[in-house]
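Novice: Here it is: the structure, laid out below.
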Amino acid sequence: MSFEFYIAKRIHSAKDGSREVTPPAVRIAIIGIALGLAVMILSVAIVVGFKKEVRNKVIGFGSHIQITNFDSNTSYESTPIAVSDSLLSALRAYPGIRHVEAFATKPGILKTDTDFEGIILKGIDRDFDWTFFRENLKEGDILQLPEDKRSTNVLISRYLADRLGLKLGDSFLTYFVQEEVRARKFTITGIYETGFQDYDKLFVLADIRQVRRLNGWDDDQVSGLELLVADYDRLDQTTEDLYFDLAETQDRNENSLYVRSIKELNPMIFSWLDVLDINVVVILVLMMAVAGFTMISGLLIIILERTNMIGILKALGESNASIRRIFLYVAFFLVGKGMLWGNIIGIALCLIQSATHVIALDPAVYYLDAVPIDLSLTSLILLNIGTLAASMLMLLGPSYLIMRIEPAKSIRFE
C-alpha cells in the first residue's frame, strides 16, 4: 500500500470532525453520483427496451426483408409474383437468411350484424413462422392449415374483436370489392393482441389459398416473400446483397423482383426510433455533468477542510503531485461509493418494472402497454466505466488547487 493511498484511506474512513460542513458535502456528492448513475441506467434500459419492443412488433407483422413485384404499388392490393421451387431453395440457402415464407394480402370489409370495419386479410402458408403471434396470442390457438383444402379459420386481433363484439368461435362475413363484390365467411379460432394498434386494427390472418382464389391467382403466385435474417445487425448489408443478386431475376411471367428491408417499408417508424438515441445521449451528458459538478464541489470542500494537513505535508517534503494523488484517491473512494448505490438503485428499479410493469403506458400512443426494460451486462459495464472516467477527469482540475496552498500560511489555517 502506497503512502498516498494509506493517507487517503484514513481521510475517507475518519469520523466526523469538528467541522460540520464536511459530512453533508460528502453525502451530497455521493448522492449526486448515485442518482446520476441510476438515471443513466434507467434511461438506457428503457430506450433500448422500447426500441427493441417496437422493432420486434413491426418485424412480427412484416418480417425483416420482403421480396415483392417491382411494379407493386404501396397498397395492399398487390401485383403477384410467381415463386418457383428453385428460388425458394436459393433463398433458404442464402447466407444470413434463417427463414423464408410466402404471403398474400387482400383488403376487405369485415361486417357483423351491427357494425363493420376495414381490414387486410393476410394469407399465410403452412410454413409461416408463428413465433411472434404465439407470444401475443390471448385466446384460442394458431391456424392449423390442412393440405387438401382451404381453411376458413382466421386469427383476428383483440382490437377488432372488441370493436365488433366478436368472440372465439364466432363467424363473420368479409366483403371484397373487385370487379364484382365477393363475400367470404370466416370463423375465429384465435385472438391476438400485440398492443401495436396501427397493425392490430388491420390484420386478419387466414389461409393464403383464400386470397389466391379471390384474386384468381395460380398456386405458385403470391404477393411476396417474407425473409427473416439470422443477425439483425447485418440487416442492411444482407438486404443490399440480396437486392443486387436478384436484380436480374424474373419470374415465369417476366416480373422483376423488388427487395426491401423492414426499415425501407416503415421509414417513419425506424427514423423515429433512431431519434430516441439522441435523447439518451443528452440525458447521459446531463447526468454525467451533474454528477461531476457535485463531486467537484465535494472535493473542493474536502481540500479546504484539510488545508492545514496539506501545509504540514508540504513542510515535511511531500510534493504537490503526491498530495494531489491523496485527494484523487479520496475522490475515487467517494465516486465508488456513489456508483455502488447508483447501481443498486438503478438495477433494483429496472427489476421491479420488468417484473411488475408498475408503470403503464397507453398502447394507442406508445405501442406498448408498459414501460419496457432491456438492460444488458455490456451496457451496465460501459455506463460504470464511463461514469468513473468522466468523474475522475473532471476532478483533475480542482486538484490543482493544492499547488496554490503555501505551507507557511496553511499550517496556521483554522
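Each chain in the C-alpha cells gets a letter, A, B and so on, in the order shown; residues start at 1 in every chain, and ligands are counted from 1 in the order they appear.
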Enumerate, as a PyMOL selection string, the complete set of residues in segment 152-350 of chain A that a backbone-based DSSP assignment places in helix (DSSP H, G or I).
Specialist: chain A and resi 158-164+197-200+208-215+232-245+262-265+267-305+307-315+320-350
Novice: Tell me which protein, DNA and RNA residues are within 8 Å of Gly195 of chain A, counting only C-alpha atoms, leaving out same-chain ones fewer than 4 positions away, and put them as a PyMOL selection string.
Specialist: chain A and resi 200+363-364+367-369
Novice: Just want the 12 Å neighbourhood of Leu328 of chain A, counted on only C-alpha atoms, with same-chain residues fewer than 4 positions away dropped. Output as a PyMOL selection string.
Specialist: chain A and resi 4-5+7-9+11-12+295-296+298-300+302-303+321-324+332-336+391-400+402
Novice: Please measure the separation of atom CA of Val48 of chain A and atom CA of Ser379 of chain A, giving the value in Å to one decimal.
Specialist: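 Atom-to-atom, atom CA of Val48 of chain A and atom CA of Ser379 of chain A are spaced 9.9 Å apart.
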Novice: Using DSSP on the backbone coordinates, identify the residues of segment 149-269 of chain A assigned to strand (DSSP E); present them as a short mmCIF file (atom, residue, chain, number, x, y, z; two decimals) with N, CA and C atoms, in the first residue's frame.
Specialist:
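See result-v4.cif below for the written result:
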```
data_model
loop_
_atom_site.label_atom_id
_atom_site.label_comp_id
_atom_site.auth_asym_id
_atom_site.auth_seq_id
_atom_site.Cartn_x
_atom_site.Cartn_y
_atom_site.Cartn_z
N ASN A 153 -60.77 -20.80 -41.25
CA ASN A 153 -60.43 -20.27 -39.93
C ASN A 153 -59.53 -19.05 -40.05
N VAL A 154 -59.66 -18.13 -39.10
CA VAL A 154 -58.84 -16.92 -39.12
C VAL A 154 -58.39 -16.58 -37.71
N LEU A 155 -57.36 -15.74 -37.65
CA LEU A 155 -56.84 -15.18 -36.41
C LEU A 155 -57.07 -13.68 -36.47
N ILE A 156 -57.81 -13.12 -35.51
CA ILE A 156 -58.05 -11.68 -35.51
C ILE A 156 -57.49 -11.06 -34.23
N SER A 157 -57.43 -9.75 -34.20
CA SER A 157 -56.87 -9.05 -33.04
C SER A 157 -57.94 -8.79 -31.99
N SER A 171 -68.50 -16.60 -36.19
CA SER A 171 -68.29 -16.49 -37.64
C SER A 171 -68.71 -15.10 -38.10
N PHE A 172 -68.12 -14.65 -39.18
CA PHE A 172 -68.47 -13.33 -39.73
C PHE A 172 -68.24 -13.35 -41.24
N LEU A 173 -68.86 -12.39 -41.91
CA LEU A 173 -68.68 -12.23 -43.35
C LEU A 173 -67.69 -11.12 -43.64
N THR A 174 -66.88 -11.34 -44.64
CA THR A 174 -65.95 -10.31 -45.12
C THR A 174 -66.21 -10.10 -46.60
N TYR A 175 -66.36 -8.83 -46.98
CA TYR A 175 -66.66 -8.48 -48.37
C TYR A 175 -65.42 -7.91 -49.03
N PHE A 176 -65.19 -8.35 -50.27
CA PHE A 176 -64.03 -7.91 -51.04
C PHE A 176 -64.52 -7.25 -52.31
N ARG A 182 -67.34 -9.81 -53.71
CA ARG A 182 -67.34 -11.20 -53.26
C ARG A 182 -67.37 -11.24 -51.73
N ALA A 183 -68.02 -12.24 -51.20
CA ALA A 183 -68.12 -12.39 -49.75
C ALA A 183 -67.56 -13.74 -49.33
N ARG A 184 -66.92 -13.75 -48.18
CA ARG A 184 -66.39 -14.98 -47.63
C ARG A 184 -66.75 -15.04 -46.14
N LYS A 185 -67.09 -16.23 -45.70
CA LYS A 185 -67.42 -16.43 -44.29
C LYS A 185 -66.24 -17.09 -43.59
N PHE A 186 -65.82 -16.47 -42.47
CA PHE A 186 -64.67 -16.99 -41.72
C PHE A 186 -65.08 -17.26 -40.27
N THR A 187 -64.32 -18.13 -39.62
CA THR A 187 -64.56 -18.49 -38.22
C THR A 187 -63.32 -18.16 -37.40
N ILE A 188 -63.52 -17.54 -36.24
CA ILE A 188 -62.41 -17.12 -35.39
C ILE A 188 -61.91 -18.30 -34.56
N THR A 189 -60.64 -18.65 -34.76
CA THR A 189 -60.06 -19.73 -33.95
C THR A 189 -58.98 -19.21 -33.00
N GLY A 190 -58.63 -17.94 -33.13
CA GLY A 190 -57.63 -17.36 -32.24
C GLY A 190 -57.74 -15.85 -32.20
N ILE A 191 -57.41 -15.27 -31.05
CA ILE A 191 -57.42 -13.82 -30.88
C ILE A 191 -56.06 -13.39 -30.34
N TYR A 192 -55.41 -12.46 -31.02
CA TYR A 192 -54.10 -11.98 -30.60
C TYR A 192 -54.19 -10.52 -30.18
N PHE A 203 -54.90 -6.25 -39.48
CA PHE A 203 -54.57 -7.58 -40.00
C PHE A 203 -55.43 -8.71 -39.42
N VAL A 204 -55.96 -9.50 -40.35
CA VAL A 204 -56.64 -10.76 -40.05
C VAL A 204 -55.87 -11.85 -40.79
N LEU A 205 -55.36 -12.83 -40.06
CA LEU A 205 -54.57 -13.89 -40.67
C LEU A 205 -55.46 -15.03 -41.14
N ALA A 206 -55.24 -15.46 -42.38
CA ALA A 206 -56.08 -16.51 -42.98
C ALA A 206 -55.23 -17.40 -43.88
N ASP A 207 -55.84 -18.41 -44.43
CA ASP A 207 -55.20 -19.33 -45.36
C ASP A 207 -54.88 -18.57 -46.65
N GLN A 221 -48.48 -18.30 -57.20
CA GLN A 221 -48.48 -16.84 -57.16
C GLN A 221 -48.78 -16.33 -55.75
N VAL A 222 -48.02 -15.31 -55.36
CA VAL A 222 -48.15 -14.72 -54.02
C VAL A 222 -47.92 -13.21 -54.12
N GLY A 224 -45.86 -11.75 -52.14
CA GLY A 224 -44.43 -11.62 -51.92
C GLY A 224 -43.90 -12.69 -50.99
N LEU A 225 -42.63 -12.59 -50.72
CA LEU A 225 -41.95 -13.49 -49.79
C LEU A 225 -41.42 -12.69 -48.61
N GLU A 226 -41.55 -13.24 -47.42
CA GLU A 226 -41.01 -12.62 -46.21
C GLU A 226 -39.80 -13.43 -45.75
N LEU A 227 -38.71 -12.71 -45.44
CA LEU A 227 -37.47 -13.36 -45.04
C LEU A 227 -37.06 -12.87 -43.66
N LEU A 228 -36.64 -13.80 -42.83
CA LEU A 228 -36.10 -13.47 -41.52
C LEU A 228 -34.60 -13.70 -41.54
N VAL A 229 -33.84 -12.72 -41.02
CA VAL A 229 -32.38 -12.83 -41.03
C VAL A 229 -31.90 -13.39 -39.70
N LEU A 257 -38.15 -8.72 -59.50
CA LEU A 257 -38.31 -8.83 -58.05
C LEU A 257 -37.74 -7.59 -57.36
N TYR A 258 -38.43 -7.15 -56.31
CA TYR A 258 -38.05 -5.95 -55.58
C TYR A 258 -37.76 -6.34 -54.13
N VAL A 259 -36.52 -6.12 -53.69
CA VAL A 259 -36.09 -6.48 -52.35
C VAL A 259 -36.03 -5.24 -51.47
N ARG A 260 -36.75 -5.27 -50.34
CA ARG A 260 -36.74 -4.15 -49.40
C ARG A 260 -36.68 -4.66 -47.96
N SER A 261 -35.97 -3.92 -47.14
CA SER A 261 -35.92 -4.28 -45.71
C SER A 261 -37.10 -3.66 -44.99
#
```
Novice: Would you mind telling me which residue in A:Tyr6, A:Phe133, A:Tyr94, A:Phe327 lies nearest to Ala230 of chain A when using only C-alpha atoms?
Specialist: A:Tyr94
Novice: How many Å separate atom CA of Tyr366 of chain A from atom CA of His64 of chain A?
Specialist: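 Result for atom CA of Tyr366 of chain A versus atom CA of His64 of chain A: 21.6 Å, one decimal.
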Novice: Would you kindly return, as a PDB file with N, CA and C atoms, in the first residue's frame, each protein, DNA or RNA residue with an atom no farther than 9 Å from any atom of Lys201 of chain A, considering only C-alpha atoms and excluding same-chain residues fewer than 6 positions away?
Specialist:
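So out-v1.pdb came out as:
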```pdb
ATOM      1  N   GLU A 117     -65.896  -2.984 -40.338  1.00  0.00           N
ATOM      2  CA  GLU A 117     -64.548  -2.441 -40.175  1.00  0.00           C
ATOM      3  C   GLU A 117     -63.693  -2.848 -41.361  1.00  0.00           C
ATOM      4  N   GLY A 118     -62.887  -1.909 -41.864  1.00  0.00           N
ATOM      5  CA  GLY A 118     -61.953  -2.228 -42.939  1.00  0.00           C
ATOM      6  C   GLY A 118     -60.777  -3.033 -42.408  1.00  0.00           C
ATOM      7  N   ILE A 119     -60.424  -4.095 -43.105  1.00  0.00           N
ATOM      8  CA  ILE A 119     -59.330  -4.959 -42.653  1.00  0.00           C
ATOM      9  C   ILE A 119     -58.429  -5.345 -43.826  1.00  0.00           C
ATOM     10  N   ILE A 156     -57.810 -13.119 -35.510  1.00  0.00           N
ATOM     11  CA  ILE A 156     -58.053 -11.679 -35.515  1.00  0.00           C
ATOM     12  C   ILE A 156     -57.491 -11.061 -34.232  1.00  0.00           C
ATOM     13  N   SER A 157     -57.430  -9.745 -34.199  1.00  0.00           N
ATOM     14  CA  SER A 157     -56.870  -9.054 -33.038  1.00  0.00           C
ATOM     15  C   SER A 157     -57.938  -8.793 -31.989  1.00  0.00           C
ATOM     16  N   ARG A 158     -57.488  -8.580 -30.769  1.00  0.00           N
ATOM     17  CA  ARG A 158     -58.396  -8.216 -29.688  1.00  0.00           C
ATOM     18  C   ARG A 158     -59.105  -6.906 -30.000  1.00  0.00           C
ATOM     19  N   TYR A 159     -58.398  -5.993 -30.664  1.00  0.00           N
ATOM     20  CA  TYR A 159     -58.974  -4.704 -31.018  1.00  0.00           C
ATOM     21  C   TYR A 159     -60.218  -4.895 -31.892  1.00  0.00           C
ATOM     22  N   LEU A 160     -60.095  -5.701 -32.948  1.00  0.00           N
ATOM     23  CA  LEU A 160     -61.230  -5.931 -33.841  1.00  0.00           C
ATOM     24  C   LEU A 160     -62.343  -6.702 -33.136  1.00  0.00           C
TER      25      LEU A 160
END
```
Novice: Just give me the gap between atom CA of Arg213 of chain A and atom CA of Ser63 of chain A in Å, one decimal is fine.
Specialist: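 Going from atom CA of Arg213 of chain A over to atom CA of Ser63 of chain A covers 24.3 Å.
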Novice: Go through A:Tyr232, A:Arg306, A:Thr249, A:Glu139 one by one, measure the shortest atom-to-atom distance of each to Ile326 of chain A using only C-alpha atoms, and give the residue with the smallest value.
Specialist: A:Arg306
Novice: Please list as a ChimeraX atom specification every residue within 8 Å of segment 272-286 of chain A, counting only C-alpha atoms and excluding residues in the same chain fewer than 3 positions away.
Specialist: /A:40,43-44,47,51,268-269,289-290
Novice: Let me make sure I understand: among A:Phe70, A:Phe270, A:Phe3, A:Phe128, which one has the smallest atom-to-atom distance to Asn56 of chain A if we use only C-alpha atoms?
Specialist: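 Ranked by minimum distance to Asn56 of chain A, first place goes to A:Phe270.
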Novice: I'd like to know which of A:Val330, A:Ile352, A:Ala90, A:Ala291 is closest to Gly32 of chain A, using only C-alpha atoms.
Specialist: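 Distance minimum relative to Gly32 of chain A lands on A:Ala291.
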Novice: Using only C-alpha atoms, which residue out of A:Gln210, A:Gln197, A:Thr378, A:Ser319 lies closest to Lys149 of chain A?
Specialist: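 Looking at the shortest contact to Lys149 of chain A, the residue is A:Gln210.
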Novice: So which one's closest to Asp218 of chain A, A:Ile81, A:Leu349, A:Leu35, A:Leu202? Using only C-alpha atoms, please.
Specialist: A:Ile81
Novice: Excluding Gln353 of chain A and residues on its chain fewer than 6 positions from it, collect all residues at most 8 Å away from it, counting only C-alpha atoms, and give them as a list in words.
Specialist: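 Counting only C-alpha atoms, the residues come to Ile359, Val371, Pro372 and Ile373 of chain A.
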Novice: Deliver the residues from the most recent selection as a file, using N, CA and C atoms, as a PDB file, in the first residue's frame.
Specialist:
```
ATOM      1  N   ILE A 359     -45.305   0.748 -14.046  1.00  0.00           N
ATOM      2  CA  ILE A 359     -45.504   1.978 -14.827  1.00  0.00           C
ATOM      3  C   ILE A 359     -46.108   1.588 -16.175  1.00  0.00           C
ATOM      4  N   VAL A 371     -43.885   0.361 -19.565  1.00  0.00           N
ATOM      5  CA  VAL A 371     -42.520   0.803 -19.855  1.00  0.00           C
ATOM      6  C   VAL A 371     -41.619  -0.426 -19.984  1.00  0.00           C
ATOM      7  N   PRO A 372     -40.978  -0.616 -21.130  1.00  0.00           N
ATOM      8  CA  PRO A 372     -40.135  -1.800 -21.333  1.00  0.00           C
ATOM      9  C   PRO A 372     -38.750  -1.607 -20.724  1.00  0.00           C
ATOM     10  N   ILE A 373     -38.134  -2.699 -20.337  1.00  0.00           N
ATOM     11  CA  ILE A 373     -36.788  -2.663 -19.751  1.00  0.00           C
ATOM     12  C   ILE A 373     -35.913  -3.679 -20.473  1.00  0.00           C
TER      13      ILE A 373
END
```
